[in-house]
>>> print(open('input27.txt').read())   # compact mmCIF, C-alpha atoms
# COMPACT_ATOMS: atom_id res chain seq x y z
CA MET A 254 133.49 101.32 93.07
CA LEU A 255 135.09 101.32 96.50
CA GLU A 256 135.08 98.14 98.55
CA GLY A 257 131.47 97.50 99.53
CA ILE A 258 130.26 100.86 98.12
CA GLU A 259 128.47 101.48 94.83
CA PHE A 260 127.89 104.86 93.17
CA LEU A 261 124.50 105.23 91.52
CA ASN A 262 125.25 108.46 89.59
CA LYS A 263 128.88 108.09 88.52
CA GLN A 264 128.56 110.87 85.91
CA TRP A 265 128.94 113.48 88.67
CA PHE A 266 132.58 112.44 89.06
CA TRP A 267 133.33 114.45 85.91
CA LEU A 268 133.10 117.53 88.14
CA PHE A 269 136.42 116.53 89.69
CA LEU A 270 138.00 117.87 86.49
CA ALA A 271 137.02 121.35 87.69
CA LEU A 272 139.12 121.10 90.85
CA PRO A 273 142.51 121.51 89.09
CA LEU A 274 141.06 124.57 87.32
CA ALA A 275 139.99 125.98 90.68
CA VAL A 276 143.54 125.46 92.00
CA LEU A 277 144.98 127.26 88.94
CA TRP A 278 142.51 130.13 89.36
CA TYR A 279 143.44 130.44 93.03
CA ILE A 280 147.16 130.60 92.28
CA ILE A 281 146.71 133.31 89.61
CA LYS A 282 144.37 135.33 91.82
CA HIS A 283 146.75 135.07 94.79
CA LYS A 284 149.68 136.40 92.75
CA LYS A 285 147.64 139.38 91.52
CA GLN A 286 146.48 140.24 95.04
CA THR A 287 149.90 139.96 96.65
CA ALA A 288 151.68 143.36 96.95
CA GLU A 289 155.46 143.64 97.29
CA LEU A 290 157.33 146.17 99.44
CA LYS A 291 161.10 146.42 99.34
CA ILE A 292 162.81 147.81 102.45
CA SER A 293 166.37 147.63 103.62
CA SER A 294 165.68 146.25 107.09
CA LEU A 295 162.83 144.84 109.19
CA LYS A 296 164.42 145.76 112.49
CA GLY A 297 162.02 148.63 113.09
CA PHE A 298 158.95 146.38 112.70
CA ARG A 299 157.48 144.25 115.44
CA LEU A 300 156.11 141.06 113.82
CA THR A 301 153.19 139.35 115.46
CA ASN A 302 151.46 136.15 114.36
CA SER A 303 154.05 135.69 111.59
CA TRP A 304 152.81 132.10 111.01
CA LEU A 305 149.31 133.16 109.92
CA PRO A 306 150.20 134.34 106.42
CA LYS A 307 151.96 131.02 105.83
CA VAL A 308 148.92 128.89 106.60
CA LYS A 309 146.20 131.10 105.16
CA HIS A 310 146.02 128.73 102.13
CA LEU A 311 144.36 126.30 104.52
CA LEU A 312 141.11 128.13 103.83
CA PHE A 313 141.26 127.23 100.15
CA VAL A 314 142.17 123.63 100.98
CA LEU A 315 139.12 123.37 103.25
CA ARG A 316 136.92 124.70 100.45
CA LEU A 317 138.39 122.21 97.95
CA LEU A 318 137.82 119.31 100.34
CA ALA A 319 134.22 120.43 100.87
CA LEU A 320 133.65 120.58 97.09
CA ALA A 321 135.18 117.10 96.65
CA LEU A 322 132.87 115.72 99.34
CA LEU A 323 129.83 117.36 97.72
CA ILE A 324 130.74 115.92 94.30
CA THR A 325 131.08 112.46 95.87
CA ALA A 326 127.72 112.91 97.59
CA LEU A 327 126.12 113.84 94.23
CA ALA A 328 127.43 110.52 92.86
CA ARG A 329 125.14 108.95 95.48
CA PRO A 330 127.29 106.37 97.26
CA GLN A 331 125.41 103.47 98.81
CA THR A 332 126.00 100.02 100.20
CA VAL A 333 123.90 97.07 99.12
CA ASP A 334 123.16 94.14 101.40
CA VAL A 335 121.92 91.21 99.30
CA SER A 336 120.25 88.25 100.98
CA THR A 337 119.20 85.21 98.99
CA LYS A 338 116.51 82.66 99.64
CA THR A 339 116.19 79.61 97.42
CA LYS A 340 113.23 77.34 96.99
CA THR A 341 113.27 74.10 95.05
CA THR A 342 110.22 74.20 92.84
CA ARG A 343 110.70 70.96 90.94
CA GLY A 344 112.45 68.04 92.59
CA ILE A 345 113.50 64.94 90.67
CA ASP A 346 113.40 61.38 91.96
CA ILE A 347 116.19 59.29 90.41
CA LEU A 348 116.60 55.53 90.64
CA MET A 349 119.90 54.04 89.52
CA ALA A 350 119.56 50.40 88.41
CA ILE A 351 123.04 48.82 88.39
CA ASP A 352 124.04 45.52 86.80
CA VAL A 353 126.18 43.55 89.29
CA SER A 354 126.68 40.38 87.27
CA ALA A 355 130.15 38.79 87.09
CA SER A 356 130.82 40.39 83.69
CA MET A 357 130.88 43.82 85.43
CA LEU A 358 134.34 42.79 86.73
CA ALA A 359 135.72 42.97 83.17
CA LYS A 360 138.86 45.08 82.96
CA ASP A 361 138.17 47.06 79.78
CA LEU A 362 137.47 49.99 82.12
CA SER A 363 139.86 50.83 84.94
CA PRO A 364 140.12 49.12 87.38
CA ASN A 365 137.00 47.28 86.21
CA ARG A 366 133.54 48.18 84.94
CA LEU A 367 131.83 48.09 88.33
CA GLU A 368 134.41 50.21 90.17
CA ALA A 369 134.56 52.72 87.31
CA LEU A 370 130.78 53.03 87.46
CA LYS A 371 130.77 53.51 91.23
CA ASN A 372 133.31 56.34 91.01
CA VAL A 373 131.38 58.22 88.33
CA ALA A 374 128.00 57.56 89.94
CA ALA A 375 129.28 58.96 93.26
CA GLU A 376 130.19 62.24 91.55
CA PHE A 377 126.76 62.31 89.92
CA ILE A 378 125.01 61.80 93.27
CA MET A 379 127.01 64.55 94.97
CA GLY A 380 126.05 66.88 92.14
CA ARG A 381 122.30 66.43 92.80
CA PRO A 382 121.80 68.08 96.24
CA ASN A 383 118.11 68.87 95.65
CA ASP A 384 116.97 65.47 94.38
CA ARG A 385 116.08 62.16 95.95
CA ILE A 386 118.07 59.15 94.78
CA GLY A 387 117.75 55.40 95.22
CA LEU A 388 119.70 52.30 94.14
CA VAL A 389 118.65 48.95 92.66
CA GLU A 390 121.02 46.00 92.12
CA TYR A 391 120.31 43.29 89.60
CA ALA A 392 121.93 40.29 87.98
CA GLY A 393 119.79 37.16 87.46
CA GLU A 394 117.36 38.71 89.97
CA SER A 395 116.96 42.17 91.42
CA TYR A 396 116.40 43.90 94.72
CA THR A 397 116.36 47.42 96.17
CA LYS A 398 119.72 48.40 97.62
CA THR A 399 118.55 51.84 98.86
CA PRO A 400 115.01 53.26 98.66
CA ILE A 401 114.51 56.77 97.30
CA THR A 402 115.99 59.20 99.84
CA SER A 403 117.30 62.75 100.05
CA ASP A 404 120.10 61.63 102.41
CA LYS A 405 123.08 61.52 100.06
CA ALA A 406 125.38 60.09 102.73
CA ILE A 407 123.23 56.94 102.92
CA VAL A 408 123.14 56.60 99.14
CA LEU A 409 126.90 57.05 98.84
CA ARG A 410 127.59 54.45 101.53
CA SER A 411 125.28 51.99 99.78
CA LEU A 412 126.89 52.68 96.43
CA LYS A 413 130.35 52.11 97.89
CA SER A 414 129.27 48.74 99.32
CA ILE A 415 128.00 47.43 95.95
CA ARG A 416 130.13 44.54 94.71
CA TYR A 417 129.76 41.28 92.90
CA ASN A 418 128.60 38.38 95.05
CA ASN A 419 127.51 34.88 94.19
CA ILE A 420 124.45 35.06 96.43
CA ILE A 421 122.44 36.78 93.70
CA GLU A 422 121.46 34.42 90.90
CA GLY A 423 123.79 34.68 87.91
CA GLY A 424 122.85 36.18 84.54
CA THR A 425 121.51 39.54 83.44
CA ALA A 426 117.81 40.16 84.03
CA ILE A 427 117.36 43.64 82.54
CA GLY A 428 113.57 43.34 82.75
CA MET A 429 113.75 42.48 86.46
CA GLY A 430 116.09 45.39 87.22
CA LEU A 431 113.89 47.85 85.34
CA ALA A 432 110.68 46.53 86.89
CA THR A 433 112.08 46.84 90.43
CA ALA A 434 113.14 50.42 89.70
CA VAL A 435 109.67 51.24 88.32
CA ASN A 436 108.06 49.71 91.39
CA ARG A 437 110.14 51.98 93.63
CA LEU A 438 109.24 55.11 91.66
CA LYS A 439 105.61 54.52 90.69
CA ASP A 440 104.15 56.07 93.86
CA SER A 441 106.54 59.01 93.87
CA LYS A 442 104.92 62.47 94.05
CA ALA A 443 107.87 64.12 92.31
CA THR A 444 107.16 66.10 89.16
CA SER A 445 109.91 64.24 87.32
CA LYS A 446 110.83 60.58 87.80
CA VAL A 447 113.96 59.14 86.19
CA ILE A 448 115.62 55.72 85.97
CA ILE A 449 119.27 55.34 84.95
CA LEU A 450 119.66 51.70 83.93
CA LEU A 451 123.15 50.36 83.29
CA THR A 452 124.14 46.98 81.92
CA ASP A 453 127.04 45.36 80.11
CA GLY A 454 125.21 42.42 78.59
CA VAL A 455 122.00 41.05 77.16
CA ASN A 456 118.76 40.08 78.85
CA ASN A 457 119.22 36.32 79.34
CA THR A 458 117.21 35.49 82.44
CA GLY A 459 114.37 36.70 84.67
CA PHE A 460 110.61 36.28 84.39
CA ILE A 461 109.78 39.88 83.38
CA ASP A 462 110.26 40.91 79.79
CA PRO A 463 112.17 44.23 79.48
CA ARG A 464 109.55 45.58 77.06
CA ILE A 465 106.79 44.90 79.57
CA ALA A 466 108.84 46.70 82.23
CA SER A 467 109.32 49.67 79.88
CA GLU A 468 105.56 49.79 79.30
CA LEU A 469 105.10 50.02 83.06
CA ALA A 470 107.59 52.90 83.11
CA VAL A 471 105.58 54.70 80.43
CA GLU A 472 102.35 54.14 82.36
CA TYR A 473 103.78 55.77 85.48
CA GLY A 474 105.48 58.59 83.59
CA ILE A 475 109.02 57.43 84.34
CA LYS A 476 111.77 58.45 81.93
CA THR A 477 114.56 55.90 81.48
CA TYR A 478 118.13 56.56 80.43
CA THR A 479 119.95 53.37 79.43
CA ILE A 480 123.72 52.88 79.37
CA GLY A 481 125.55 50.05 77.64
CA LEU A 482 128.89 49.56 79.39
CA GLY A 483 131.81 47.87 77.66
CA THR A 484 134.41 48.35 74.96
CA ASN A 485 133.94 47.44 71.32
CA GLY A 486 135.42 44.01 70.56
CA MET A 487 137.16 41.80 73.09
CA ALA A 488 137.49 42.44 76.83
CA LEU A 489 139.39 40.73 79.64
CA SER A 490 136.47 39.21 81.58
CA PRO A 491 135.84 36.50 84.21
CA VAL A 492 135.51 33.11 82.56
CA GLY A 493 135.74 30.82 85.60
CA ILE A 494 136.63 30.47 89.27
CA LEU A 495 140.00 29.15 90.41
CA PRO A 496 140.34 26.70 93.32
CA ASN A 497 141.35 29.57 95.62
CA GLY A 498 138.05 31.33 94.88
CA ASN A 499 139.52 34.03 92.63
CA PHE A 500 138.25 34.62 89.12
CA GLN A 501 140.06 33.31 86.11
CA TYR A 502 140.13 35.90 83.32
CA GLY A 503 140.07 35.45 79.58
CA ARG A 504 139.39 37.61 76.55
CA ILE A 505 135.79 37.28 75.38
CA GLN A 506 133.57 39.16 72.96
CA VAL A 507 131.59 42.07 74.45
CA GLU A 508 127.89 41.59 73.76
CA ILE A 509 125.43 44.35 74.62
CA ASP A 510 121.82 44.33 73.44
CA GLU A 511 121.93 47.91 72.18
CA GLU A 512 118.71 47.58 70.21
CA LEU A 513 116.81 46.64 73.38
CA LEU A 514 118.36 49.47 75.38
CA LYS A 515 117.54 51.99 72.63
CA GLU A 516 113.98 50.68 72.50
CA ILE A 517 113.52 51.11 76.27
CA ALA A 518 114.95 54.63 76.20
CA ASP A 519 112.88 55.71 73.18
CA ALA A 520 109.64 54.29 74.60
CA THR A 521 110.02 56.15 77.91
CA GLY A 522 111.30 59.46 76.54
CA GLY A 523 114.87 58.88 77.66
CA LYS A 524 118.11 58.36 75.76
CA TYR A 525 120.56 55.52 75.13
CA PHE A 526 124.32 55.90 75.70
CA ARG A 527 127.32 53.66 75.07
CA ALA A 528 130.28 53.88 77.44
CA THR A 529 133.39 52.25 76.02
CA ASN A 530 135.89 53.72 78.50
CA ASN A 531 136.11 55.65 81.77
CA LYS A 532 136.11 59.07 80.11
CA LYS A 533 133.05 58.26 78.02
CA LEU A 534 131.20 56.96 81.08
CA GLU A 535 131.94 60.22 82.92
CA GLU A 536 130.74 62.26 79.93
CA ILE A 537 127.48 60.28 79.84
CA TYR A 538 126.65 61.00 83.46
CA ASN A 539 127.54 64.67 82.92
CA GLU A 540 125.14 64.80 79.98
CA ILE A 541 122.35 63.18 81.98
CA ASN A 542 123.07 65.66 84.75
CA LYS A 543 122.54 68.51 82.27
CA LEU A 544 119.41 66.96 80.74
CA GLU A 545 117.70 66.48 84.09
CA LYS A 546 117.82 69.87 85.78
CA THR A 547 116.07 70.64 89.04
CA GLU A 548 114.31 73.99 88.83
CA ILE A 549 115.23 76.25 91.73
CA GLU A 550 113.41 79.48 92.45
CA GLU A 551 115.72 82.10 93.89
CA PHE A 552 114.57 85.20 95.74
CA LYS A 553 117.01 88.08 96.26
CA PHE A 554 116.35 90.84 98.77
CA TYR A 555 118.27 94.11 98.38
CA ASN A 556 118.75 96.47 101.31
CA TYR A 557 120.21 99.82 100.17
CA GLU A 558 121.86 102.17 102.67
CA GLU A 559 122.56 105.70 101.41
CA LYS A 560 125.98 107.11 102.36
CA TYR A 561 125.76 110.64 100.92
CA ARG A 562 124.26 112.25 104.04
CA SER A 563 127.45 111.95 106.08
CA LEU A 564 129.46 113.40 103.17
CA VAL A 565 127.14 116.41 102.90
CA LEU A 566 127.32 116.93 106.66
CA LEU A 567 131.12 116.78 106.65
CA ALA A 568 131.27 119.19 103.68
CA GLY A 569 129.02 121.61 105.56
CA ILE A 570 131.28 121.44 108.61
CA LEU A 571 134.35 122.18 106.49
CA LEU A 572 132.64 125.16 104.83
CA MET A 573 131.51 126.52 108.19
CA LEU A 574 135.03 126.11 109.53
CA GLU A 575 136.44 127.90 106.49
CA VAL A 576 134.02 130.85 106.95
CA LEU A 577 134.70 130.98 110.69
CA LEU A 578 138.47 131.08 110.19
CA ARG A 579 138.21 133.60 107.34
CA PHE A 580 136.31 136.15 109.45
CA SER A 581 138.19 135.55 112.69
CA VAL A 582 141.78 134.28 112.74
CA PHE A 583 142.60 135.17 109.12
CA ARG A 584 140.48 138.29 108.84
CA SER A 585 143.45 140.62 108.34
CA PHE A 586 145.08 138.36 105.71
CA VAL A 587 142.26 137.49 103.29
>>> encode(input="input27.txt", output="structure tokens")
Amino acid sequence: MLEGIEFLNKQWFWLFLALPLAVLWYIIKHKKQTAELKISSLKGFRLTNSWLPKVKHLLFVLRLLALALLITALARPQTVDVSTKTKTTRGIDILMAIDVSASMLAKDLSPNRLEALKNVAAEFIMGRPNDRIGLVEYAGESYTKTPITSDKAIVLRSLKSIRYNNIIEGGTAIGMGLATAVNRLKDSKATSKVIILLTDGVNNTGFIDPRIASELAVEYGIKTYTIGLGTNGMALSPVGILPNGNFQYGRIQVEIDEELLKEIADATGGKYFRATNNKKLEEIYNEINKLEKTEIEEFKFYNYEEKYRSLVLLAGILLMLEVLLRFSVFRSFV
């Protein structure tokens, strides 16, 4: 295939094998037809047009070129202009509920749990160009950081600005975070609605039971993926605040209510994951990305332009030129 040109009937190229045979036949025939005359001197002859016998092989070359062009034309060269139109047939609305309690500053992930999550979540968001995404923050209480939107720049800016602050009530209210996410998605018209709920602790505050919130998710057809974030064993975590306002760190036992998170995921048709390090967290978001695929309908339009006509025309011109030269300029030599 030449650049930009496709050949529909490539089998015709086998005929090119006949061209060397034609050359061989021409050479043998020329030798048989050439007579030799030995004389002692050419002084008595007046030579005119002495260059014509030397270039008479041009006629055969023209015929070969014409045959090569006809063979190429039989192979049916054509160019194909492909235009594509895509249509999203099934959009997904995704709400990411993020635990922002003080324990998310633990350093068992690098540089800490919250920053590791933000980096991976940003990659996840950029990989969902056809979906709407929103953010919910929760600790001892919850609120909507960013409503469901298709503007990824807004979502990414909001995600980047998420950090621990002591304005939100302390603790981990998983039920509150899940309920706020459900409330944001319940009126969505999307075919698929998904919550990704992440926490590194146990439900220890809030006035909404996580199981009640998961029942609400089931009622509104919202699938929930839950992620437990934290290493197995001890982790360097905030244990107090120093006089200068910085956190004092100490090694404490990581406690994640995995049974609750599994129960929420199972009830809503989702899946539970445990992220013990940065790599595992990235793998989890990649898996969720694969599980929740947006269906895209793609239409391709093909515009074929045949190129054999110009080859046939050029071959015809060469053959006409060969015949014209044969019966005019080279008439006495062929």
>>> atom_distance(input="input27.txt", atom1="CA of Glu536 (chain A)", atom2="CA of Glu511 (chain A)")
18.5 Å
>>> residues_around(input="input27.txt", residues="Leu348 (chain A)", least_positions_apart="6", cutoff="8 Å", atoms="all atoms listed in the file", output="PyMOL selection string")
chain A and resi 386-389+401+434+437-438+447-449
>>> closest_residue(input="input27.txt", among="A:Ala518, A:Met379, A:Leu412, A:Ile324", to="Leu367 (chain A)", atoms="only C-alpha atoms")
A:Leu412
>>> residues_near_point(input="input27.txt", point="(118.3, 64.6, 80.2)", cutoff="10 Å", atoms="all atoms listed in the file", output="list in words")
Val447, Lys476, Thr477, Tyr478, Gly522, Gly523, Lys524, Tyr538, Asn539, Glu540, Ile541, Asn542, Lys543, Leu544, Glu545 and Lys546 of chain A
>>> closest_residue(input="input27.txt", among="A:Gly474, A:Val565, A:Ile465, A:Tyr502", to="Glu516 (chain A)", atoms="all atoms listed in the file")
A:Ile465
>>> atom_distance(input="input27.txt", atom1="CA of Lys533 (chain A)", atom2="CA of Thr484 (chain A)")
10.5 Å
>>> atom_distance(input="input27.txt", atom1="CA of Glu508 (chain A)", atom2="CA of Asn456 (chain A)")
10.6 Å
>>> closest_residue(input="input27.txt", among="A:Ala528, A:Met573, A:Ile258, A:Leu482", to="Met357 (chain A)", atoms="all atoms listed in the file")
A:Leu482
